[in-house]
file entry22.cif (mmCIF, C-alpha atoms)
data_data
loop_
_atom_site.label_atom_id
_atom_site.label_comp_id
_atom_site.auth_asym_id
_atom_site.auth_seq_id
_atom_site.Cartn_x
_atom_site.Cartn_y
_atom_site.Cartn_z
CA MET E 22 1.02 64.09 -107.53
CA LYS E 23 -1.46 62.88 -110.13
CA LYS E 24 -0.08 62.41 -113.63
CA ILE E 25 -1.49 64.28 -116.59
CA ARG E 26 -3.80 62.00 -118.58
CA LEU E 27 -3.13 62.08 -122.30
CA TYR E 28 -5.41 60.62 -124.93
CA LEU E 29 -3.39 59.72 -128.02
CA ASP E 30 -5.12 59.67 -131.37
CA THR E 31 -3.81 57.64 -134.28
CA SER E 32 -1.96 60.55 -135.88
CA VAL E 33 0.52 60.60 -132.99
CA VAL E 34 1.49 56.95 -133.31
CA SER E 35 1.56 57.25 -137.10
CA ALA E 36 3.90 60.25 -136.94
CA LEU E 37 6.56 58.14 -135.20
CA ALA E 38 7.23 56.42 -138.53
CA ASP E 39 6.53 59.16 -141.07
CA PRO E 40 9.78 60.22 -142.77
CA LYS E 41 7.76 62.47 -145.11
CA LYS E 42 7.31 64.84 -142.15
CA PRO E 43 10.70 64.75 -140.37
CA GLU E 44 10.05 67.63 -137.97
CA ARG E 45 6.76 66.12 -136.85
CA MET E 46 8.42 62.72 -136.51
CA GLN E 47 11.24 64.18 -134.41
CA GLU E 48 8.86 66.04 -132.10
CA THR E 49 6.72 62.94 -131.66
CA HIS E 50 9.79 60.88 -130.76
CA LEU E 51 10.66 63.45 -128.09
CA LEU E 52 7.18 63.11 -126.63
CA TRP E 53 7.39 59.31 -126.91
CA LYS E 54 10.59 59.40 -124.86
CA ASP E 55 8.69 61.19 -122.07
CA ILE E 56 5.79 58.74 -122.38
CA LYS E 57 8.18 55.79 -122.11
CA ALA E 58 9.68 57.44 -119.02
CA ASP E 59 6.19 57.24 -117.48
CA LYS E 60 5.72 61.01 -117.21
CA TYR E 61 2.10 60.75 -118.34
CA GLU E 62 -0.84 58.44 -117.94
CA ILE E 63 -1.71 57.31 -121.48
CA ILE E 64 -5.15 56.44 -122.79
CA ILE E 65 -5.88 54.99 -126.20
CA SER E 66 -9.14 53.62 -127.50
CA PHE E 67 -10.71 51.06 -129.74
CA VAL E 68 -10.69 53.76 -132.45
CA LEU E 69 -6.89 53.91 -132.57
CA ILE E 70 -6.66 50.12 -132.71
CA ASP E 71 -9.27 49.96 -135.50
CA GLU E 72 -7.39 52.60 -137.49
CA VAL E 73 -4.04 50.87 -137.01
CA GLU E 74 -5.60 47.59 -138.17
CA LYS E 75 -6.57 49.29 -141.43
CA CYS E 76 -3.00 50.43 -142.13
CA LYS E 77 -0.98 48.58 -144.73
CA GLN E 78 2.10 46.59 -143.84
CA PRO E 79 4.77 47.28 -142.74
CA LYS E 80 3.32 50.46 -141.17
CA ARG E 81 0.76 48.48 -139.14
CA ASP E 82 3.45 46.37 -137.46
CA ILE E 83 5.64 49.42 -136.91
CA MET E 84 2.80 51.22 -135.14
CA TYR E 85 2.07 48.18 -132.98
CA ASP E 86 5.78 47.94 -132.15
CA PHE E 87 5.74 51.54 -130.91
CA LEU E 88 2.62 50.92 -128.84
CA SER E 89 4.28 47.88 -127.27
CA THR E 90 6.98 50.15 -125.81
CA ILE E 91 4.62 52.14 -123.58
CA LYS E 92 2.11 51.60 -120.80
CA TYR E 93 -1.43 52.59 -121.64
CA GLU E 94 -5.05 52.01 -120.77
CA LYS E 95 -7.24 50.93 -123.68
CA LEU E 96 -10.80 52.17 -123.63
CA GLU E 97 -13.46 49.98 -125.23
CA ALA E 98 -16.51 51.25 -127.11
CA ASN E 99 -19.56 52.19 -125.08
CA ASP E 100 -22.83 54.09 -125.46
CA THR E 101 -21.57 57.24 -123.74
CA ILE E 102 -18.69 57.58 -126.20
CA SER E 103 -21.09 57.11 -129.09
CA ASP E 104 -23.54 59.65 -127.63
CA ILE E 105 -20.80 62.25 -127.28
CA ALA E 106 -19.63 61.57 -130.84
CA ASP E 107 -23.20 62.11 -132.04
CA GLU E 108 -23.45 65.37 -130.10
CA VAL E 109 -20.20 66.61 -131.66
CA PHE E 110 -21.92 66.16 -135.01
CA LYS E 111 -25.29 67.62 -133.96
CA LEU E 112 -23.59 70.76 -132.63
CA GLY E 113 -21.77 71.22 -135.94
CA ILE E 114 -18.32 70.79 -134.42
CA LEU E 115 -17.26 68.02 -136.82
CA PRO E 116 -18.97 66.62 -139.92
CA LYS E 117 -20.72 63.27 -140.17
CA LYS E 118 -17.86 61.79 -142.23
CA SER E 119 -15.46 62.43 -139.31
CA ARG E 120 -16.96 59.68 -137.17
CA ASN E 121 -13.60 58.35 -135.96
CA ASP E 122 -12.43 61.83 -134.92
CA ARG E 123 -15.70 62.28 -133.05
CA LEU E 124 -15.20 58.90 -131.36
CA HIS E 125 -11.66 59.94 -130.36
CA ILE E 126 -13.18 63.00 -128.68
CA GLY E 127 -15.84 60.94 -126.95
CA SER E 128 -13.26 58.44 -125.74
CA ALA E 129 -11.01 61.14 -124.33
CA ILE E 130 -13.89 62.86 -122.55
CA VAL E 131 -15.27 59.64 -121.05
CA SER E 132 -11.83 58.61 -119.80
CA SER E 133 -11.33 61.98 -118.05
CA CYS E 134 -8.20 62.91 -119.97
CA ASN E 135 -6.62 66.31 -119.55
CA TYR E 136 -5.55 66.52 -123.19
CA ILE E 137 -6.22 64.97 -126.55
CA VAL E 138 -2.87 64.83 -128.32
CA SER E 139 -3.12 64.92 -132.09
CA TRP E 140 -1.45 66.00 -135.30
CA ASN E 141 -4.87 66.28 -136.95
CA PHE E 142 -5.06 70.02 -137.61
CA LYS E 143 -7.89 69.60 -140.12
CA HIS E 144 -10.44 68.40 -137.57
CA LEU E 145 -9.11 68.19 -134.02
CA VAL E 146 -6.38 70.68 -133.22
CA LYS E 147 -8.29 73.83 -134.06
CA ILE E 148 -10.19 76.49 -132.13
CA LYS E 149 -13.67 75.51 -133.35
CA THR E 150 -13.20 71.94 -132.13
CA VAL E 151 -11.53 72.95 -128.86
CA ASN E 152 -14.33 75.40 -128.05
CA GLY E 153 -17.02 72.89 -129.02
CA VAL E 154 -15.48 70.18 -126.86
CA ARG E 155 -15.27 72.61 -123.93
CA ALA E 156 -18.96 73.39 -124.38
CA ILE E 157 -19.85 69.69 -124.28
CA THR E 158 -17.76 69.01 -121.18
CA ASN E 159 -19.24 72.03 -119.39
CA LEU E 160 -22.80 71.19 -120.41
CA HIS E 161 -22.61 67.57 -119.25
CA GLY E 162 -20.34 67.94 -116.21
CA PHE E 163 -17.32 66.15 -117.64
CA ASN E 164 -13.78 67.20 -116.78
CA PRO E 165 -12.47 69.95 -119.04
CA ILE E 166 -10.20 68.79 -121.83
CA ASP E 167 -7.95 70.55 -124.33
CA ILE E 168 -6.74 69.40 -127.72
CA ILE E 169 -3.07 69.97 -128.45
CA ALA E 170 -0.28 68.96 -130.78
CA PRO E 171 2.62 66.88 -129.37
CA ALA E 172 4.95 69.86 -129.66
CA SER E 173 2.94 71.60 -126.90
CA LEU E 174 4.15 68.99 -124.42
CA ILE E 175 7.83 69.01 -125.29
CA TYR E 176 8.67 72.70 -125.52
#
call {"tool": "encode", "arguments": {"input": "entry22.cif", "output": "structure tokens"}}
result
Amino acid sequence: MKKIRLYLDTSVVSALADPKKPERMQETHLLWKDIKADKYEIIISFVLIDEVEKCKQPKRDIMYDFLSTIKYEKLEANDTISDIADEVFKLGILPKKSRNDRLHIGSAIVSSCNYIVSWNFKHLVKIKTVNGVRAITNLHGFNPIDIIAPASLIY
């Protein structure tokens, strides 16, 4: 049986070490336990790595330590990802300033993920974005993809 492909955005890895949000941290650790047990196929992208690189120490090293505990495929930048990110903007799904969020979406679509997993309720985990992403995948013949919070996978 084929594993579910999850695209992890930076907010998921960041939540593993965020004591300011203990419930979110706990739920993310439960998901991480399943990820470490190889229940999912994990995809990350150049966007996550770029965002982690911009974190201050010690958080940067902590996030890299968590990533070192799992198996994942890292997607590199390409024109198709950039084109999808641009379309997300042109369709009014996300604003111009949300370039990284748009690149996360493009990366997840290009890598044929089933779900984008995120704690970003401002831009990603919301109906407008989910519906817009579905429209793009339908219009261009990509696999359908949903955007969910980690809690959706553990309960």
call {"tool": "closest_residue", "arguments": {"input": "entry22.cif", "among": "E:Thr101, E:Ser139, E:Ser35, E:Asn164", "to": "E:Lys77", "atoms": "only C-alpha atoms"}}
result
E:Ser35
call {"tool": "closest_residue", "arguments": {"input": "entry22.cif", "among": "E:Ile25, E:Val131, E:Trp140, E:Glu72", "to": "E:Asp100", "atoms": "all atoms listed in the file"}}
result
E:Val131
call {"tool": "atom_distance", "arguments": {"input": "entry22.cif", "atom1": "atom CA of E:Leu29", "atom2": "atom CA of E:Asp104"}}
result
20.2 Å
call {"tool": "closest_residue", "arguments": {"input": "entry22.cif", "among": "E:Phe87, E:Trp53, E:Phe142, E:Tyr28", "to": "E:Phe67", "atoms": "all atoms listed in the file"}}
result
E:Tyr28
call {"tool": "resolve_selection", "arguments": {"input": "entry22.cif", "expression": "the PyMOL selection byres ((chain E and resi 133) around 8)", "output": "ChimeraX atom specification"}}
result
/E:26,129-132,134-135,163-164,166
call {"tool": "closest_residue", "arguments": {"input": "entry22.cif", "among": "E:Lys23, E:Lys60, E:Lys41, E:Arg155", "to": "E:Lys92", "atoms": "all atoms listed in the file"}}
result
E:Lys60
call {"tool": "closest_residue", "arguments": {"input": "entry22.cif", "among": "E:Cys76, E:Leu115, E:Leu69, E:Ala106", "to": "E:His144", "atoms": "only C-alpha atoms"}}
result
E:Leu115
call {"tool": "residues_around", "arguments": {"input": "entry22.cif", "residues": "E:Ile70", "least_positions_apart": "2", "cutoff": "10 Å", "atoms": "only C-alpha atoms", "output": "VMD selection string"}}
result
chain E and resid 30 to 31 65 to 68 72 to 75 81 84 to 85 95
call {"tool": "atom_distance", "arguments": {"input": "entry22.cif", "atom1": "atom CA of E:His50", "atom2": "atom CA of E:Ile168"}}
result
18.8 Å
call {"tool": "residues_around", "arguments": {"input": "entry22.cif", "residues": "E:Lys111", "least_positions_apart": "4", "cutoff": "12 Å", "atoms": "only C-alpha atoms", "output": "CSV table (one decimal) with C-alpha atoms, keeping the file's coordinate frame"}}
result
chain,number,residue,atom,x,y,z
E,104,ASP,CA,-23.5,59.6,-127.6
E,105,ILE,CA,-20.8,62.2,-127.3
E,106,ALA,CA,-19.6,61.6,-130.8
E,107,ASP,CA,-23.2,62.1,-132.0
E,115,LEU,CA,-17.3,68.0,-136.8
E,116,PRO,CA,-19.0,66.6,-139.9
E,117,LYS,CA,-20.7,63.3,-140.2
E,120,ARG,CA,-17.0,59.7,-137.2
E,123,ARG,CA,-15.7,62.3,-133.0
E,153,GLY,CA,-17.0,72.9,-129.0
E,157,ILE,CA,-19.8,69.7,-124.3
call {"tool": "atom_distance", "arguments": {"input": "entry22.cif", "atom1": "atom CA of E:Asn159", "atom2": "atom CA of E:Ile175"}}
result
27.9 Å
call {"tool": "residues_around", "arguments": {"input": "entry22.cif", "residues": "E:Leu174", "least_positions_apart": "2", "cutoff": "12 Å", "atoms": "all atoms listed in the file", "output": "mmCIF file with C-alpha atoms, in the frame of the given file"}}
result
data_model
loop_
_atom_site.group_PDB
_atom_site.id
_atom_site.type_symbol
_atom_site.label_atom_id
_atom_site.label_comp_id
_atom_site.auth_asym_id
_atom_site.auth_seq_id
_atom_site.Cartn_x
_atom_site.Cartn_y
_atom_site.Cartn_z
ATOM 1 C CA ILE E 25 -1.490 64.280 -116.590
ATOM 2 C CA LEU E 27 -3.130 62.080 -122.300
ATOM 3 C CA GLU E 48 8.860 66.040 -132.100
ATOM 4 C CA THR E 49 6.720 62.940 -131.660
ATOM 5 C CA HIS E 50 9.790 60.880 -130.760
ATOM 6 C CA LEU E 51 10.660 63.450 -128.090
ATOM 7 C CA LEU E 52 7.180 63.110 -126.630
ATOM 8 C CA TRP E 53 7.390 59.310 -126.910
ATOM 9 C CA LYS E 54 10.590 59.400 -124.860
ATOM 10 C CA ASP E 55 8.690 61.190 -122.070
ATOM 11 C CA ILE E 56 5.790 58.740 -122.380
ATOM 12 C CA LYS E 60 5.720 61.010 -117.210
ATOM 13 C CA TYR E 61 2.100 60.750 -118.340
ATOM 14 C CA TYR E 136 -5.550 66.520 -123.190
ATOM 15 C CA ILE E 137 -6.220 64.970 -126.550
ATOM 16 C CA VAL E 138 -2.870 64.830 -128.320
ATOM 17 C CA SER E 139 -3.120 64.920 -132.090
ATOM 18 C CA ILE E 168 -6.740 69.400 -127.720
ATOM 19 C CA ILE E 169 -3.070 69.970 -128.450
ATOM 20 C CA ALA E 170 -0.280 68.960 -130.780
ATOM 21 C CA PRO E 171 2.620 66.880 -129.370
ATOM 22 C CA ALA E 172 4.950 69.860 -129.660
ATOM 23 C CA TYR E 176 8.670 72.700 -125.520
#
call {"tool": "closest_residue", "arguments": {"input": "entry22.cif", "among": "E:Ile114, E:Asn121, E:Ala98, E:Ser173", "to": "E:Val151", "atoms": "all atoms listed in the file"}}
result
E:Ile114
